[in-house]
>>> print(open('protein-v2.csv').read())   # CSV, C-alpha atoms
chain,number,residue,atom,x,y,z
R,1,MET,CA,69.1,48.2,112.9
R,2,TYR,CA,72.1,48.8,110.7
R,3,GLY,CA,74.8,46.7,112.4
R,4,HIS,CA,76.6,49.4,114.4
R,5,ILE,CA,76.0,47.7,117.8
R,6,GLU,CA,77.0,44.4,116.3
R,7,THR,CA,80.2,45.8,114.9
R,8,LEU,CA,81.1,47.3,118.3
R,9,ALA,CA,80.1,44.1,120.1
R,10,LYS,CA,82.5,42.0,117.9
R,11,LYS,CA,85.3,44.4,118.8
R,12,ILE,CA,84.4,44.3,122.5
R,13,LYS,CA,84.4,40.5,122.2
R,14,GLU,CA,88.0,40.7,120.9
R,15,GLY,CA,89.0,42.7,123.9
R,16,VAL,CA,87.2,40.3,126.4
R,17,ASP,CA,88.7,37.2,124.7
R,18,SER,CA,92.2,38.6,125.0
R,19,ILE,CA,92.1,38.2,128.8
R,20,ASP,CA,93.2,34.8,129.9
R,21,GLY,CA,90.4,32.8,131.4
R,22,ILE,CA,87.6,35.0,130.2
R,23,GLU,CA,85.4,34.3,127.2
R,24,ALA,CA,82.7,36.5,125.7
R,25,LYS,CA,79.6,35.2,124.0
R,26,LEU,CA,77.6,37.4,121.6
R,27,PHE,CA,73.8,37.5,121.6
R,28,ARG,CA,71.2,39.7,120.1
R,29,VAL,CA,67.7,40.6,121.4
R,30,GLN,CA,64.6,39.6,119.6
R,31,GLU,CA,63.6,42.0,116.8
R,32,THR,CA,60.2,43.6,117.4
R,33,LEU,CA,59.8,45.2,114.0
R,34,SER,CA,58.2,43.3,111.1
R,35,ASP,CA,60.2,42.2,108.1
R,36,GLU,CA,58.2,44.7,106.0
R,37,ILE,CA,59.2,47.6,108.2
R,38,LEU,CA,62.8,46.5,108.3
R,39,GLU,CA,62.9,46.3,104.5
R,40,LYS,CA,61.4,49.8,104.2
R,41,MET,CA,64.1,51.0,106.6
R,42,GLN,CA,66.8,49.3,104.4
R,43,ALA,CA,68.1,47.4,107.4
R,44,PRO,CA,70.7,44.8,106.4
R,45,PRO,CA,70.1,41.1,107.3
R,46,LYS,CA,71.2,40.0,110.8
R,47,ASP,CA,74.2,37.7,111.4
R,48,LYS,CA,72.5,34.3,111.7
R,49,ASN,CA,75.5,33.0,113.8
R,50,ILE,CA,74.5,35.3,116.7
R,51,PRO,CA,71.7,33.6,118.7
R,52,ILE,CA,68.7,35.4,120.1
R,53,ILE,CA,69.1,35.8,123.9
R,54,THR,CA,66.5,34.9,126.5
R,55,ALA,CA,66.3,36.2,130.0
R,56,SER,CA,67.4,32.8,131.3
R,57,ASP,CA,70.6,33.0,129.4
R,58,LEU,CA,71.7,35.9,131.7
R,59,GLU,CA,71.8,33.8,134.8
R,60,ALA,CA,74.8,31.7,133.6
R,61,ALA,CA,77.0,34.8,132.8
R,62,ASP,CA,79.6,36.2,135.2
R,63,GLY,CA,79.3,39.7,133.7
R,64,PHE,CA,77.7,41.7,130.8
R,65,ILE,CA,78.4,44.4,128.3
R,66,PHE,CA,75.0,45.5,126.9
R,67,GLY,CA,74.9,47.1,123.5
R,68,ILE,CA,72.1,49.6,123.5
R,69,PRO,CA,70.7,51.1,120.3
R,70,THR,CA,69.2,54.5,120.8
R,71,ARG,CA,65.8,55.8,119.8
R,72,PHE,CA,65.0,59.4,120.6
R,73,GLY,CA,67.7,59.6,123.3
R,74,ALA,CA,66.8,56.5,125.2
R,75,MET,CA,67.0,52.7,124.9
R,76,ALA,CA,65.4,51.2,121.8
R,77,ALA,CA,62.1,49.3,122.3
R,78,GLN,CA,63.7,46.0,121.4
R,79,MET,CA,66.1,46.3,124.3
R,80,LYS,CA,63.4,47.6,126.7
R,81,ALA,CA,61.3,44.6,125.7
R,82,PHE,CA,64.2,42.3,126.5
R,83,PHE,CA,64.8,43.9,129.9
R,84,ASP,CA,61.1,43.8,130.6
R,85,SER,CA,61.3,40.0,130.2
R,86,THR,CA,63.8,39.7,133.1
R,87,GLY,CA,61.3,40.2,135.9
R,88,GLY,CA,61.8,36.6,137.2
R,89,LEU,CA,65.5,37.2,137.5
R,90,TRP,CA,64.8,40.5,139.3
R,91,LYS,CA,62.4,38.8,141.7
R,92,GLY,CA,65.1,36.2,142.7
R,93,GLN,CA,67.9,38.8,142.5
R,94,LYS,CA,69.7,36.3,140.2
R,95,LEU,CA,71.8,39.1,138.6
R,96,ALA,CA,72.7,41.0,141.7
R,97,GLY,CA,76.4,41.6,142.2
R,98,LYS,CA,77.3,40.8,138.5
R,99,PRO,CA,79.3,43.5,136.7
R,100,ALA,CA,77.7,45.1,133.7
R,101,GLY,CA,78.9,47.7,131.1
R,102,ILE,CA,77.0,49.6,128.5
R,103,PHE,CA,77.9,50.7,124.9
R,104,VAL,CA,75.6,52.6,122.5
R,105,SER,CA,74.9,53.7,119.0
R,106,THR,CA,73.0,56.9,118.1
R,107,GLY,CA,71.9,58.4,114.9
R,108,SER,CA,73.5,61.8,115.5
R,109,GLN,CA,75.9,63.7,117.8
R,110,GLY,CA,72.9,65.1,119.8
R,111,GLY,CA,71.2,61.7,119.7
R,112,GLY,CA,71.7,60.6,123.2
R,113,GLN,CA,75.1,58.9,123.8
R,114,GLU,CA,75.0,59.7,127.5
R,115,THR,CA,71.3,59.9,128.0
R,116,THR,CA,70.9,56.4,126.7
R,117,ALA,CA,73.5,55.1,129.1
R,118,LEU,CA,72.0,57.0,132.0
R,119,THR,CA,68.5,55.7,131.3
R,120,THR,CA,69.8,52.2,130.9
R,121,LEU,CA,71.3,52.3,134.4
R,122,THR,CA,67.8,51.9,135.9
R,123,GLN,CA,67.7,48.4,134.5
R,124,LEU,CA,71.1,47.5,136.0
R,125,VAL,CA,70.3,49.2,139.4
R,126,HIS,CA,67.0,47.4,139.8
R,127,HIS,CA,68.8,44.1,139.2
R,128,GLY,CA,71.5,45.0,141.7
R,129,MET,CA,74.2,44.7,139.0
R,130,LEU,CA,77.5,46.5,139.4
R,131,PHE,CA,77.9,49.2,136.7
R,132,VAL,CA,81.4,49.2,135.2
R,133,PRO,CA,81.9,52.5,133.4
R,134,ILE,CA,85.1,53.0,131.4
R,135,GLY,CA,85.7,56.5,132.8
R,136,TYR,CA,88.6,58.1,131.1
R,137,MET,CA,90.8,55.0,131.1
R,138,PHE,CA,91.0,55.1,127.3
R,139,GLY,CA,93.4,58.0,127.8
R,140,ALA,CA,94.1,60.5,124.9
R,141,GLY,CA,91.5,58.7,122.7
R,142,MET,CA,88.7,60.1,124.9
R,143,PHE,CA,89.9,63.7,124.1
R,144,LYS,CA,90.3,63.4,120.4
R,145,MET,CA,88.7,66.4,118.6
R,146,ASP,CA,89.9,65.8,115.1
R,147,GLU,CA,87.1,63.5,114.1
R,148,ILE,CA,83.5,62.8,115.0
R,149,ARG,CA,83.7,60.1,117.7
R,150,GLY,CA,81.1,58.3,119.8
R,151,GLY,CA,81.6,57.0,123.3
R,152,SER,CA,81.8,58.6,126.7
R,153,PRO,CA,83.0,57.7,130.2
R,154,TYR,CA,79.9,55.5,130.4
R,155,GLY,CA,81.0,53.2,127.6
R,156,ALA,CA,82.0,52.9,123.9
R,157,GLY,CA,79.7,54.3,121.3
R,158,THR,CA,79.4,55.2,117.6
R,159,PHE,CA,77.2,57.4,115.4
R,160,ALA,CA,75.1,55.6,112.8
R,161,GLY,CA,73.9,58.6,110.8
R,162,ASP,CA,71.4,57.4,108.2
R,163,GLY,CA,72.9,53.9,108.7
R,164,THR,CA,75.7,54.2,106.1
R,165,LYS,CA,78.3,55.7,108.5
R,166,VAL,CA,80.6,53.0,109.9
R,167,PRO,CA,82.4,53.0,113.2
R,168,THR,CA,85.7,54.9,113.1
R,169,GLU,CA,89.0,53.3,114.1
R,170,THR,CA,89.0,55.3,117.3
R,171,GLU,CA,85.5,54.0,118.2
R,172,LEU,CA,86.5,50.4,117.5
R,173,ALA,CA,89.6,50.9,119.6
R,174,LEU,CA,87.5,52.3,122.4
R,175,ALA,CA,85.2,49.3,122.1
R,176,LYS,CA,88.1,46.8,122.3
R,177,HIS,CA,89.4,48.8,125.3
R,178,GLN,CA,86.0,48.4,127.0
R,179,GLY,CA,86.1,44.7,126.5
R,180,VAL,CA,89.6,44.4,128.0
R,181,TYR,CA,88.8,46.7,130.9
R,182,THR,CA,85.5,45.0,131.8
R,183,ALA,CA,86.9,41.5,131.4
R,184,ASN,CA,89.7,42.4,133.9
R,185,ILE,CA,87.0,43.6,136.4
R,186,VAL,CA,85.1,40.3,136.0
R,187,LYS,CA,88.3,38.3,136.4
R,188,ARG,CA,89.1,40.2,139.7
R,189,LEU,CA,85.6,39.6,141.0
R,190,LEU,CA,85.8,35.9,140.2
R,191,GLY,CA,89.0,35.8,142.3
>>> encode(input="protein-v2.csv", output="structure tokens")
Amino acid sequence: MYGHIETLAKKIKEGVDSIDGIEAKLFRVQETLSDEILEKMQAPPKDKNIPIITASDLEAADGFIFGIPTRFGAMAAQMKAFFDSTGGLWKGQKLAGKPAGIFVSTGSQGGGQETTALTTLTQLVHHGMLFVPIGYMFGAGMFKMDEIRGGSPYGAGTFAGDGTKVPTETELALAKHQGVYTANIVKRLLG
């Protein structure tokens, strides 16, 4: 809605792209809200250089890190609509065995950083994907208490507030870490 997932995704891409032989591609899901509603919500324009993903785009990928915006503690409708479009891939188990991570953005501290990740796992599990959590591999950054910080052992995260809060340096570093960590897992699996 306000670019928080996009900001984290770009930082994750930096991390992925830093691993020799691994390249990230950014996509966005189709927006389901009308332009009129988006304008009333004061949503900024989307980056036109990031293409809209289709279910068929997933089959060519070796791994995924899904950015999940949160609505009421669970996956936003736009993401759910996208995952609902992957039934053909599910039927053929085309994504089975592929590693997948999750990162989130919520409006508030009690907004569902972990519940969104947990409820997203059902999508990955039904496809047979291999969930790649970051655990506490980020080290001391996972235990910082001197600032409001999103993210959890499930994946990177940020708090959007009313849309004006921007991701902190710690949240961005966690996102880049997730990119590096997940890319290394993908590379190992590719052998």
>>> atom_distance(input="protein-v2.csv", atom1="CA of Glu114 (chain R)", atom2="CA of Phe131 (chain R)")
14.3 Å
>>> closest_residue(input="protein-v2.csv", among="R:Ala175, R:Ala81, R:Ala61, R:Met129", to="Ala9 (chain R)", atoms="all atoms listed in the file")
R:Ala175
>>> closest_residue(input="protein-v2.csv", among="R:Ala156, R:Ala43, R:Ala74, R:Ala96", to="Phe138 (chain R)", atoms="all atoms listed in the file")
R:Ala156
>>> closest_residue(input="protein-v2.csv", among="R:Met75, R:Phe66, R:Arg28, R:Leu172", to="Ile53 (chain R)", atoms="only C-alpha atoms")
R:Arg28
>>> atom_distance(input="protein-v2.csv", atom1="CA of Lys176 (chain R)", atom2="CA of Ile102 (chain R)")
13.0 Å
>>> atom_distance(input="protein-v2.csv", atom1="CA of Gln178 (chain R)", atom2="CA of Ile148 (chain R)")
18.9 Å
>>> residues_around(input="protein-v2.csv", residues="Leu95 (chain R)", least_positions_apart="4", cutoff="8 Å", atoms="all atoms listed in the file", output="PyMOL selection string")
chain R and resi 58-59+89-90+127-129
>>> residues_around(input="protein-v2.csv", residues="Val16 (chain R)", least_positions_apart="3", cutoff="9 Å", atoms="only C-alpha atoms", output="PyMOL selection string")
chain R and resi 11-13+19-20+22-24+176-184
>>> closest_residue(input="protein-v2.csv", among="R:Ser108, R:Val166, R:Ala100, R:Ser56", to="Gly88 (chain R)", atoms="all atoms listed in the file")
R:Ser56
>>> closest_residue(input="protein-v2.csv", among="R:Asp62, R:Glu31, R:Thr86, R:Lys80", to="Thr120 (chain R)", atoms="all atoms listed in the file")
R:Lys80
>>> closest_residue(input="protein-v2.csv", among="R:Phe83, R:Tyr2, R:Phe72, R:Phe27", to="Thr122 (chain R)", atoms="all atoms listed in the file")
R:Phe83
>>> residues_near_point(input="protein-v2.csv", point="(64.2, 50.2, 108.8)", cutoff="12 Å", atoms="all atoms listed in the file", output="PyMOL selection string")
chain R and resi 1-3+31-45+162-163
>>> build_atoms(input="protein-v2.csv", residues="region 4-29 of chain R", atoms="N, CA and C atoms", output="compact mmCIF listing (two decimals), keeping the file's coordinate frame")
# COMPACT_ATOMS: atom_id res chain seq x y z
N HIS R 4 75.56 48.62 113.65
CA HIS R 4 76.60 49.40 114.40
C HIS R 4 76.85 48.75 115.77
N ILE R 5 75.81 48.37 116.47
CA ILE R 5 76.00 47.70 117.80
C ILE R 5 76.71 46.38 117.57
N GLU R 6 76.34 45.64 116.55
CA GLU R 6 77.00 44.40 116.30
C GLU R 6 78.48 44.55 115.99
N THR R 7 78.83 45.56 115.21
CA THR R 7 80.20 45.80 114.90
C THR R 7 81.02 46.14 116.17
N LEU R 8 80.47 47.02 117.02
CA LEU R 8 81.10 47.30 118.30
C LEU R 8 81.21 46.08 119.18
N ALA R 9 80.12 45.30 119.21
CA ALA R 9 80.10 44.10 120.10
C ALA R 9 81.19 43.12 119.66
N LYS R 10 81.42 42.97 118.38
CA LYS R 10 82.50 42.00 117.90
C LYS R 10 83.85 42.55 118.36
N LYS R 11 84.04 43.85 118.33
CA LYS R 11 85.30 44.40 118.80
C LYS R 11 85.46 44.29 120.29
N ILE R 12 84.37 44.50 121.02
CA ILE R 12 84.40 44.30 122.50
C ILE R 12 84.73 42.85 122.79
N LYS R 13 84.15 41.93 122.04
CA LYS R 13 84.40 40.50 122.20
C LYS R 13 85.93 40.23 122.05
N GLU R 14 86.55 40.85 121.06
CA GLU R 14 88.00 40.70 120.90
C GLU R 14 88.74 41.09 122.14
N GLY R 15 88.35 42.22 122.71
CA GLY R 15 89.00 42.70 123.90
C GLY R 15 88.78 41.71 125.09
N VAL R 16 87.55 41.27 125.28
CA VAL R 16 87.20 40.30 126.40
C VAL R 16 88.04 39.04 126.18
N ASP R 17 88.01 38.50 124.97
CA ASP R 17 88.70 37.20 124.70
C ASP R 17 90.19 37.29 124.83
N SER R 18 90.75 38.49 124.83
CA SER R 18 92.20 38.60 125.00
C SER R 18 92.67 38.47 126.41
N ILE R 19 91.72 38.41 127.34
CA ILE R 19 92.10 38.20 128.80
C ILE R 19 92.00 36.76 129.11
N ASP R 20 93.12 36.24 129.58
CA ASP R 20 93.20 34.80 129.90
C ASP R 20 92.15 34.39 130.89
N GLY R 21 91.44 33.33 130.55
CA GLY R 21 90.40 32.80 131.40
C GLY R 21 89.05 33.39 131.31
N ILE R 22 88.89 34.37 130.42
CA ILE R 22 87.60 35.00 130.20
C ILE R 22 87.18 34.87 128.77
N GLU R 23 85.92 34.52 128.56
CA GLU R 23 85.40 34.30 127.20
C GLU R 23 84.07 35.05 127.06
N ALA R 24 83.94 35.76 125.95
CA ALA R 24 82.70 36.50 125.70
C ALA R 24 81.83 35.64 124.72
N LYS R 25 80.53 35.77 124.89
CA LYS R 25 79.60 35.20 124.00
C LYS R 25 78.66 36.30 123.48
N LEU R 26 78.46 36.34 122.18
CA LEU R 26 77.60 37.40 121.60
C LEU R 26 76.16 36.84 121.49
N PHE R 27 75.22 37.71 121.80
CA PHE R 27 73.80 37.50 121.60
C PHE R 27 73.14 38.70 121.06
N ARG R 28 71.97 38.53 120.50
CA ARG R 28 71.20 39.70 120.10
C ARG R 28 69.78 39.52 120.67
N VAL R 29 69.09 40.63 120.88
CA VAL R 29 67.70 40.60 121.40
C VAL R 29 66.77 40.30 120.22
